[in-house]
file work23.tsv (TSV, N, CA and C atoms)
chain	number	residue	atom	x	y	z
A	12	MET	N	17.53	45.46	-19.81
A	12	MET	CA	18.24	44.39	-19.18
A	12	MET	C	17.89	43.09	-19.90
A	13	GLU	N	18.90	42.35	-20.23
A	13	GLU	CA	18.73	41.14	-21.00
A	13	GLU	C	19.10	39.94	-20.14
A	14	GLU	N	18.30	38.85	-20.25
A	14	GLU	CA	18.55	37.64	-19.45
A	14	GLU	C	18.73	36.48	-20.41
A	15	ILE	N	19.79	35.70	-20.19
A	15	ILE	CA	20.08	34.55	-21.04
A	15	ILE	C	19.70	33.29	-20.27
A	16	ILE	N	18.89	32.45	-20.90
A	16	ILE	CA	18.46	31.19	-20.28
A	16	ILE	C	18.96	30.06	-21.16
A	17	GLU	N	19.66	29.12	-20.53
A	17	GLU	CA	20.15	27.96	-21.26
A	17	GLU	C	19.26	26.77	-20.96
A	18	LYS	N	18.98	25.98	-22.00
A	18	LYS	CA	18.16	24.79	-21.84
A	18	LYS	C	19.01	23.57	-22.18
A	19	LYS	N	18.78	22.52	-21.43
A	19	LYS	CA	19.52	21.29	-21.66
A	19	LYS	C	18.51	20.20	-22.02
A	20	THR	N	18.74	19.52	-23.12
A	20	THR	CA	17.86	18.45	-23.57
A	20	THR	C	18.39	17.13	-23.04
A	21	VAL	N	17.51	16.41	-22.37
A	21	VAL	CA	17.89	15.12	-21.79
A	21	VAL	C	17.06	14.05	-22.47
A	22	LYS	N	17.75	13.00	-22.96
A	22	LYS	CA	17.07	11.90	-23.63
A	22	LYS	C	16.48	10.97	-22.57
A	23	GLY	N	15.21	10.62	-22.73
A	23	GLY	CA	14.56	9.73	-21.77
A	23	GLY	C	13.90	10.51	-20.66
A	24	ASN	N	13.64	9.84	-19.57
A	24	ASN	CA	12.98	10.45	-18.42
A	24	ASN	C	14.02	11.19	-17.59
A	25	PRO	N	13.88	12.50	-17.39
A	25	PRO	CA	14.87	13.24	-16.63
A	25	PRO	C	14.84	12.90	-15.14
A	26	ASN	N	13.72	12.43	-14.63
A	26	ASN	CA	13.61	12.04	-13.23
A	26	ASN	C	13.32	10.55	-13.15
A	27	PRO	N	14.37	9.71	-13.17
A	27	PRO	CA	14.12	8.27	-13.14
A	27	PRO	C	13.49	7.87	-11.80
A	28	SER	N	12.56	6.93	-11.88
A	28	SER	CA	11.88	6.50	-10.66
A	28	SER	C	12.81	5.63	-9.83
A	29	LYS	N	12.65	5.73	-8.52
A	29	LYS	CA	13.47	4.94	-7.62
A	29	LYS	C	12.87	3.55	-7.50
A	30	LYS	N	13.73	2.55	-7.49
A	30	LYS	CA	13.26	1.19	-7.30
A	30	LYS	C	13.11	0.94	-5.81
A	31	MET	N	12.08	0.16	-5.48
A	31	MET	CA	11.86	-0.16	-4.08
A	31	MET	C	12.83	-1.24	-3.64
A	32	SER	N	13.24	-1.16	-2.37
A	32	SER	CA	14.13	-2.18	-1.83
A	32	SER	C	13.30	-3.44	-1.55
A	33	VAL	N	13.98	-4.50	-1.21
A	33	VAL	CA	13.31	-5.77	-0.94
A	33	VAL	C	12.37	-5.62	0.25
A	34	ASN	N	12.82	-4.94	1.28
A	34	ASN	CA	11.98	-4.74	2.47
A	34	ASN	C	10.72	-3.96	2.13
A	35	GLU	N	10.84	-2.94	1.29
A	35	GLU	CA	9.67	-2.17	0.90
A	35	GLU	C	8.70	-3.01	0.07
A	36	GLN	N	9.23	-3.84	-0.83
A	36	GLN	CA	8.38	-4.71	-1.64
A	36	GLN	C	7.64	-5.71	-0.76
A	37	ILE	N	8.35	-6.29	0.23
A	37	ILE	CA	7.71	-7.24	1.14
A	37	ILE	C	6.63	-6.55	1.94
A	38	THR	N	6.92	-5.35	2.42
A	38	THR	CA	5.95	-4.61	3.23
A	38	THR	C	4.70	-4.29	2.42
A	39	VAL	N	4.87	-3.85	1.19
A	39	VAL	CA	3.72	-3.51	0.34
A	39	VAL	C	2.90	-4.76	0.01
A	40	ALA	N	3.57	-5.85	-0.33
A	40	ALA	CA	2.86	-7.09	-0.67
A	40	ALA	C	2.09	-7.61	0.53
A	41	ARG	N	2.71	-7.59	1.71
A	41	ARG	CA	2.01	-8.05	2.92
A	41	ARG	C	0.83	-7.15	3.25
A	42	PHE	N	1.00	-5.85	3.07
A	42	PHE	CA	-0.09	-4.93	3.38
A	42	PHE	C	-1.31	-5.24	2.51
A	43	TYR	N	-1.11	-5.37	1.21
A	43	TYR	CA	-2.25	-5.61	0.32
A	43	TYR	C	-2.85	-7.00	0.54
A	44	GLY	N	-2.01	-7.98	0.80
A	44	GLY	CA	-2.53	-9.32	1.09
A	44	GLY	C	-3.37	-9.33	2.35
A	45	ARG	N	-2.87	-8.71	3.40
A	45	ARG	CA	-3.61	-8.67	4.65
A	45	ARG	C	-4.83	-7.77	4.55
A	46	LEU	N	-4.78	-6.76	3.71
A	46	LEU	CA	-5.94	-5.90	3.52
A	46	LEU	C	-7.09	-6.69	2.88
A	47	VAL	N	-6.76	-7.53	1.89
A	47	VAL	CA	-7.78	-8.35	1.24
A	47	VAL	C	-8.36	-9.36	2.24
A	48	ILE	N	-7.49	-10.00	3.02
A	48	ILE	CA	-7.97	-10.96	4.03
A	48	ILE	C	-8.84	-10.25	5.05
A	49	SER	N	-8.48	-9.03	5.41
A	49	SER	CA	-9.27	-8.27	6.38
A	49	SER	C	-10.65	-7.97	5.84
A	50	PHE	N	-10.74	-7.57	4.57
A	50	PHE	CA	-12.05	-7.30	3.99
A	50	PHE	C	-12.91	-8.55	3.95
A	51	PHE	N	-12.31	-9.70	3.62
A	51	PHE	CA	-13.07	-10.95	3.62
A	51	PHE	C	-13.56	-11.28	5.03
A	52	ALA	N	-12.72	-11.13	6.03
A	52	ALA	CA	-13.10	-11.45	7.40
A	52	ALA	C	-14.22	-10.54	7.88
A	53	PHE	N	-14.09	-9.23	7.63
A	53	PHE	CA	-15.14	-8.31	8.03
A	53	PHE	C	-16.43	-8.57	7.26
A	54	GLY	N	-16.32	-8.90	6.00
A	54	GLY	CA	-17.52	-9.20	5.20
A	54	GLY	C	-18.26	-10.42	5.72
A	55	ILE	N	-17.53	-11.49	6.04
A	55	ILE	CA	-18.16	-12.69	6.57
A	55	ILE	C	-18.78	-12.41	7.93
A	56	PHE	N	-18.05	-11.66	8.77
A	56	PHE	CA	-18.57	-11.32	10.10
A	56	PHE	C	-19.86	-10.51	9.99
A	57	LEU	N	-19.86	-9.50	9.15
A	57	LEU	CA	-21.05	-8.68	8.98
A	57	LEU	C	-22.21	-9.48	8.39
A	58	TYR	N	-21.92	-10.40	7.48
A	58	TYR	CA	-22.97	-11.25	6.91
A	58	TYR	C	-23.59	-12.14	7.99
A	59	VAL	N	-22.76	-12.75	8.83
A	59	VAL	CA	-23.28	-13.62	9.88
A	59	VAL	C	-24.14	-12.83	10.86
A	60	VAL	N	-23.67	-11.66	11.28
A	60	VAL	CA	-24.44	-10.84	12.21
A	60	VAL	C	-25.74	-10.37	11.55
A	61	HIS	N	-25.67	-9.98	10.30
A	61	HIS	CA	-26.87	-9.53	9.59
A	61	HIS	C	-27.90	-10.66	9.49
A	62	MET	N	-27.45	-11.84	9.13
A	62	MET	CA	-28.38	-12.97	9.01
A	62	MET	C	-28.96	-13.36	10.35
A	63	MET	N	-28.19	-13.19	11.40
A	63	MET	CA	-28.69	-13.54	12.73
A	63	MET	C	-29.73	-12.52	13.20
A	64	LEU	N	-29.52	-11.26	12.87
A	64	LEU	CA	-30.44	-10.22	13.34
A	64	LEU	C	-31.70	-10.11	12.49
A	65	THR	N	-31.62	-10.48	11.23
A	65	THR	CA	-32.78	-10.32	10.35
A	65	THR	C	-33.53	-11.63	10.12
A	66	ALA	N	-33.22	-12.67	10.86
A	66	ALA	CA	-33.91	-13.95	10.68
A	66	ALA	C	-35.37	-13.80	11.12
A	67	GLU	N	-36.28	-14.31	10.30
A	67	GLU	CA	-37.70	-14.19	10.60
A	67	GLU	C	-38.16	-15.20	11.63
A	68	THR	N	-37.54	-16.34	11.64
A	68	THR	CA	-37.90	-17.36	12.62
A	68	THR	C	-36.81	-17.45	13.67
A	69	GLU	N	-37.19	-17.87	14.86
A	69	GLU	CA	-36.21	-17.98	15.93
A	69	GLU	C	-35.38	-19.24	15.71
A	70	MET	N	-34.09	-19.12	16.01
A	70	MET	CA	-33.18	-20.24	15.81
A	70	MET	C	-33.35	-21.27	16.93
A	71	ALA	N	-33.00	-22.49	16.60
A	71	ALA	CA	-32.98	-23.53	17.63
A	71	ALA	C	-31.82	-23.25	18.58
A	72	GLN	N	-31.89	-23.84	19.77
A	72	GLN	CA	-30.86	-23.58	20.78
A	72	GLN	C	-29.48	-24.05	20.30
A	73	SER	N	-29.41	-25.18	19.62
A	73	SER	CA	-28.11	-25.68	19.16
A	73	SER	C	-27.53	-24.76	18.08
A	74	SER	N	-28.37	-24.24	17.20
A	74	SER	CA	-27.89	-23.31	16.17
A	74	SER	C	-27.43	-22.00	16.79
A	75	ARG	N	-28.12	-21.56	17.81
A	75	ARG	CA	-27.75	-20.32	18.49
A	75	ARG	C	-26.39	-20.47	19.17
A	76	ASP	N	-26.13	-21.64	19.76
A	76	ASP	CA	-24.82	-21.88	20.38
A	76	ASP	C	-23.72	-21.88	19.34
A	77	LEU	N	-23.97	-22.49	18.19
A	77	LEU	CA	-22.97	-22.49	17.13
A	77	LEU	C	-22.72	-21.09	16.60
A	78	MET	N	-23.76	-20.29	16.49
A	78	MET	CA	-23.58	-18.91	16.03
A	78	MET	C	-22.77	-18.09	17.03
A	79	ASN	N	-23.01	-18.32	18.31
A	79	ASN	CA	-22.22	-17.61	19.33
A	79	ASN	C	-20.75	-18.02	19.26
A	80	ILE	N	-20.48	-19.28	19.03
A	80	ILE	CA	-19.09	-19.74	18.87
A	80	ILE	C	-18.46	-19.11	17.64
A	81	LEU	N	-19.23	-19.06	16.54
A	81	LEU	CA	-18.73	-18.47	15.30
A	81	LEU	C	-18.42	-16.98	15.48
A	82	ILE	N	-19.30	-16.26	16.13
A	82	ILE	CA	-19.07	-14.83	16.36
A	82	ILE	C	-17.86	-14.63	17.28
A	83	GLY	N	-17.73	-15.48	18.31
A	83	GLY	CA	-16.58	-15.38	19.20
A	83	GLY	C	-15.26	-15.63	18.48
A	84	SER	N	-15.26	-16.57	17.55
A	84	SER	CA	-14.02	-16.83	16.80
A	84	SER	C	-13.70	-15.67	15.86
A	85	PHE	N	-14.73	-15.06	15.29
A	85	PHE	CA	-14.48	-13.91	14.42
A	85	PHE	C	-13.97	-12.70	15.21
A	86	ILE	N	-14.38	-12.58	16.45
A	86	ILE	CA	-13.87	-11.47	17.27
A	86	ILE	C	-12.37	-11.63	17.48
A	87	SER	N	-11.89	-12.86	17.67
A	87	SER	CA	-10.44	-13.05	17.80
A	87	SER	C	-9.72	-12.77	16.48
A	88	VAL	N	-10.36	-13.10	15.36
A	88	VAL	CA	-9.77	-12.80	14.05
A	88	VAL	C	-9.67	-11.29	13.86
A	89	ILE	N	-10.72	-10.58	14.22
A	89	ILE	CA	-10.72	-9.12	14.08
A	89	ILE	C	-9.69	-8.51	15.01
A	90	SER	N	-9.51	-9.09	16.19
A	90	SER	CA	-8.47	-8.62	17.11
A	90	SER	C	-7.08	-8.80	16.50
A	91	GLY	N	-6.84	-9.92	15.84
A	91	GLY	CA	-5.56	-10.14	15.16
A	91	GLY	C	-5.34	-9.16	14.02
A	92	ILE	N	-6.40	-8.84	13.31
A	92	ILE	CA	-6.30	-7.86	12.22
A	92	ILE	C	-5.94	-6.49	12.78
A	93	ALA	N	-6.59	-6.10	13.86
A	93	ALA	CA	-6.29	-4.81	14.48
A	93	ALA	C	-4.86	-4.79	15.01
A	94	THR	N	-4.39	-5.89	15.55
A	94	THR	CA	-3.00	-5.96	16.04
A	94	THR	C	-2.03	-5.76	14.89
A	95	PHE	N	-2.32	-6.33	13.74
A	95	PHE	CA	-1.43	-6.14	12.59
A	95	PHE	C	-1.35	-4.67	12.18
A	96	TYR	N	-2.51	-4.02	12.08
A	96	TYR	CA	-2.52	-2.66	11.58
A	96	TYR	C	-1.94	-1.65	12.56
A	97	PHE	N	-1.93	-1.97	13.86
A	97	PHE	CA	-1.41	-1.01	14.83
A	97	PHE	C	-0.04	-1.39	15.36
A	98	ASN	N	0.51	-2.52	14.95
A	98	ASN	CA	1.89	-2.91	15.30
A	98	ASN	C	2.70	-3.02	14.03
A	99	GLY	N	4.00	-2.77	14.11
A	99	GLY	CA	4.85	-2.84	12.94
A	99	GLY	C	5.34	-4.24	12.67
A	100	ASP	N	5.86	-4.44	11.46
A	100	ASP	CA	6.47	-5.72	11.10
A	100	ASP	C	7.90	-5.76	11.61
A	101	SER	N	8.29	-6.89	12.18
A	101	SER	CA	9.66	-6.99	12.65
A	101	SER	C	10.42	-8.12	11.97
A	102	ASP	N	9.78	-8.83	11.07
A	102	ASP	CA	10.43	-9.97	10.44
A	102	ASP	C	10.85	-9.67	9.00
A	103	LEU	N	11.36	-8.46	8.77
A	103	LEU	CA	11.82	-8.09	7.43
A	103	LEU	C	13.25	-8.56	7.22
A	104	MET	N	13.65	-8.60	5.96
A	104	MET	CA	15.01	-9.00	5.65
A	104	MET	C	15.97	-7.90	6.07
A	105	GLU	N	17.18	-8.29	6.43
A	105	GLU	CA	18.18	-7.30	6.82
A	105	GLU	C	18.72	-6.61	5.58
A	106	ASP	N	18.97	-5.33	5.68
A	106	ASP	CA	19.47	-4.55	4.56
A	106	ASP	C	20.96	-4.84	4.38
A	107	LYS	N	21.34	-5.32	3.19
A	107	LYS	CA	22.73	-5.70	2.94
A	107	LYS	C	23.63	-4.49	2.72
A	108	SER	N	23.05	-3.33	2.43
A	108	SER	CA	23.88	-2.17	2.17
A	108	SER	C	24.49	-1.59	3.43
A	109	GLN	N	23.90	-1.89	4.57
A	109	GLN	CA	24.46	-1.40	5.82
A	109	GLN	C	25.28	-2.51	6.46
A	110	PRO	N	26.58	-2.27	6.67
A	110	PRO	CA	27.40	-3.31	7.27
A	110	PRO	C	27.02	-3.51	8.74
A	111	GLN	N	27.08	-4.77	9.15
A	111	GLN	CA	26.77	-5.07	10.53
A	111	GLN	C	28.06	-5.15	11.32
A	112	HIS	N	28.08	-4.50	12.44
A	112	HIS	CA	29.25	-4.53	13.31
A	112	HIS	C	28.87	-5.27	14.58
A	113	PRO	N	29.55	-6.39	14.85
A	113	PRO	CA	29.23	-7.10	16.08
A	113	PRO	C	29.70	-6.28	17.28
A	114	ASN	N	28.96	-6.41	18.37
A	114	ASN	CA	29.35	-5.70	19.58
A	114	ASN	C	30.59	-6.36	20.17
A	115	PRO	N	31.66	-5.61	20.32
A	115	PRO	CA	32.87	-6.23	20.88
A	115	PRO	C	32.67	-6.52	22.36
A	116	GLN	N	33.11	-7.70	22.77
A	116	GLN	CA	33.04	-8.09	24.17
A	116	GLN	C	34.26	-7.53	24.89
A	117	PRO	N	34.07	-6.91	26.03
A	117	PRO	CA	35.22	-6.38	26.75
A	117	PRO	C	36.09	-7.52	27.29
A	118	THR	N	37.36	-7.36	27.13
A	118	THR	CA	38.30	-8.36	27.63
A	118	THR	C	39.02	-7.80	28.84
A	119	HIS	N	39.12	-8.62	29.84
A	119	HIS	CA	39.80	-8.22	31.07
A	119	HIS	C	41.14	-8.94	31.13
A	120	LYS	N	42.20	-8.17	31.12
A	120	LYS	CA	43.53	-8.77	31.16
A	120	LYS	C	43.91	-9.15	32.58
A	121	ASN	N	43.40	-8.44	33.54
A	121	ASN	CA	43.74	-8.71	34.93
A	121	ASN	C	42.62	-9.52	35.56
A	122	ASP	N	42.51	-10.78	35.19
A	122	ASP	CA	41.47	-11.64	35.73
A	122	ASP	C	41.96	-12.20	37.04
A	123	THR	N	41.26	-11.85	38.09
A	123	THR	CA	41.70	-12.28	39.43
A	123	THR	C	40.80	-13.39	39.98
A	124	SER	N	40.01	-14.02	39.14
A	124	SER	CA	39.12	-15.06	39.64
A	124	SER	C	39.92	-16.31	39.91
A	125	VAL	N	39.47	-17.05	40.91
A	125	VAL	CA	40.14	-18.29	41.32
A	125	VAL	C	39.30	-19.45	40.83
A	126	THR	N	39.96	-20.36	40.14
A	126	THR	CA	39.24	-21.55	39.68
A	126	THR	C	39.75	-22.74	40.47
A	127	PRO	N	38.86	-23.55	41.04
A	127	PRO	CA	39.30	-24.71	41.84
A	127	PRO	C	39.81	-25.83	40.98

call {"tool": "encode", "arguments": {"input": "work23.tsv", "output": "structure tokens"}}
result
Amino acid sequence: MEEIIEKKTVKGNPNPSKKMSVNEQITVARFYGRLVISFFAFGIFLYVVHMMLTAETEMAQSSRDLMNILIGSFISVISGIATFYFNGDSDLMEDKSQPQHPNPQPTHKNDTSVTP
């Protein structure tokens, strides 16, 4: 039994890569930007907590109050970071390839309302 196999030569890349849409580019750029900001925020938070816990001398009362305020503000920053990662983006550009159809308003021909 004989089998014939045909081969086709294609110039260039036979599987061209797909280009990302504008929304995908925005999403990727925002993700990496916010990821870097998140690492900086967590790094600063961990540094402050580390310095507070490993201090050899006891802090003055005014410094302790400022550190508590600083830690409290970082907790809200970390909460915002967590909100970003667990909620989706809703402010993306609208896709121009999909036509938008406005919702038609129903018209009533037999309007029986009385206007004074």

call {"tool": "atom_distance", "arguments": {"input": "work23.tsv", "atom1": "atom N of Ser84 of chain A", "atom2": "atom N of Phe56 of chain A"}}
result
10.4 Å

call {"tool": "atom_distance", "arguments": {"input": "work23.tsv", "atom1": "atom C of Phe42 of chain A", "atom2": "atom C of Met78 of chain A"}}
result
28.9 Å

call {"tool": "closest_residue", "arguments": {"input": "work23.tsv", "among": "A:Asn79, A:Lys22, A:Phe85, A:Ile16", "to": "Ile55 of chain A", "atoms": "all atoms listed in the file"}}
result
A:Phe85

call {"tool": "residues_around", "arguments": {"input": "work23.tsv", "residues": "Leu57 of chain A", "least_positions_apart": "5", "cutoff": "12 Å", "atoms": "only C-alpha atoms", "output": "list in words"}}
result
Phe50, Phe51, Ala52, Met62, Met63, Leu64, Thr65, Leu81, Ile82, Phe85, Ile86 and Ile89 of chain A

call {"tool": "axis_aligned_box", "arguments": {"input": "work23.tsv", "around": "segment 67-80 of chain A", "padding_each_side": "5 Å", "output": "JSON"}}
result
{"center_x": -28.3, "center_y": -19.9, "center_z": 15.5, "size_x": 29.7, "size_y": 21.5, "size_z": 20.5}

call {"tool": "atom_distance", "arguments": {"input": "work23.tsv", "atom1": "atom CA of Ile92 of chain A", "atom2": "atom CA of Arg45 of chain A"}}
result
8.1 Å

call {"tool": "closest_residue", "arguments": {"input": "work23.tsv", "among": "A:Val59, A:Ala93, A:Met31, A:Ala66", "to": "Ile80 of chain A", "atoms": "only C-alpha atoms"}}
result
A:Val59
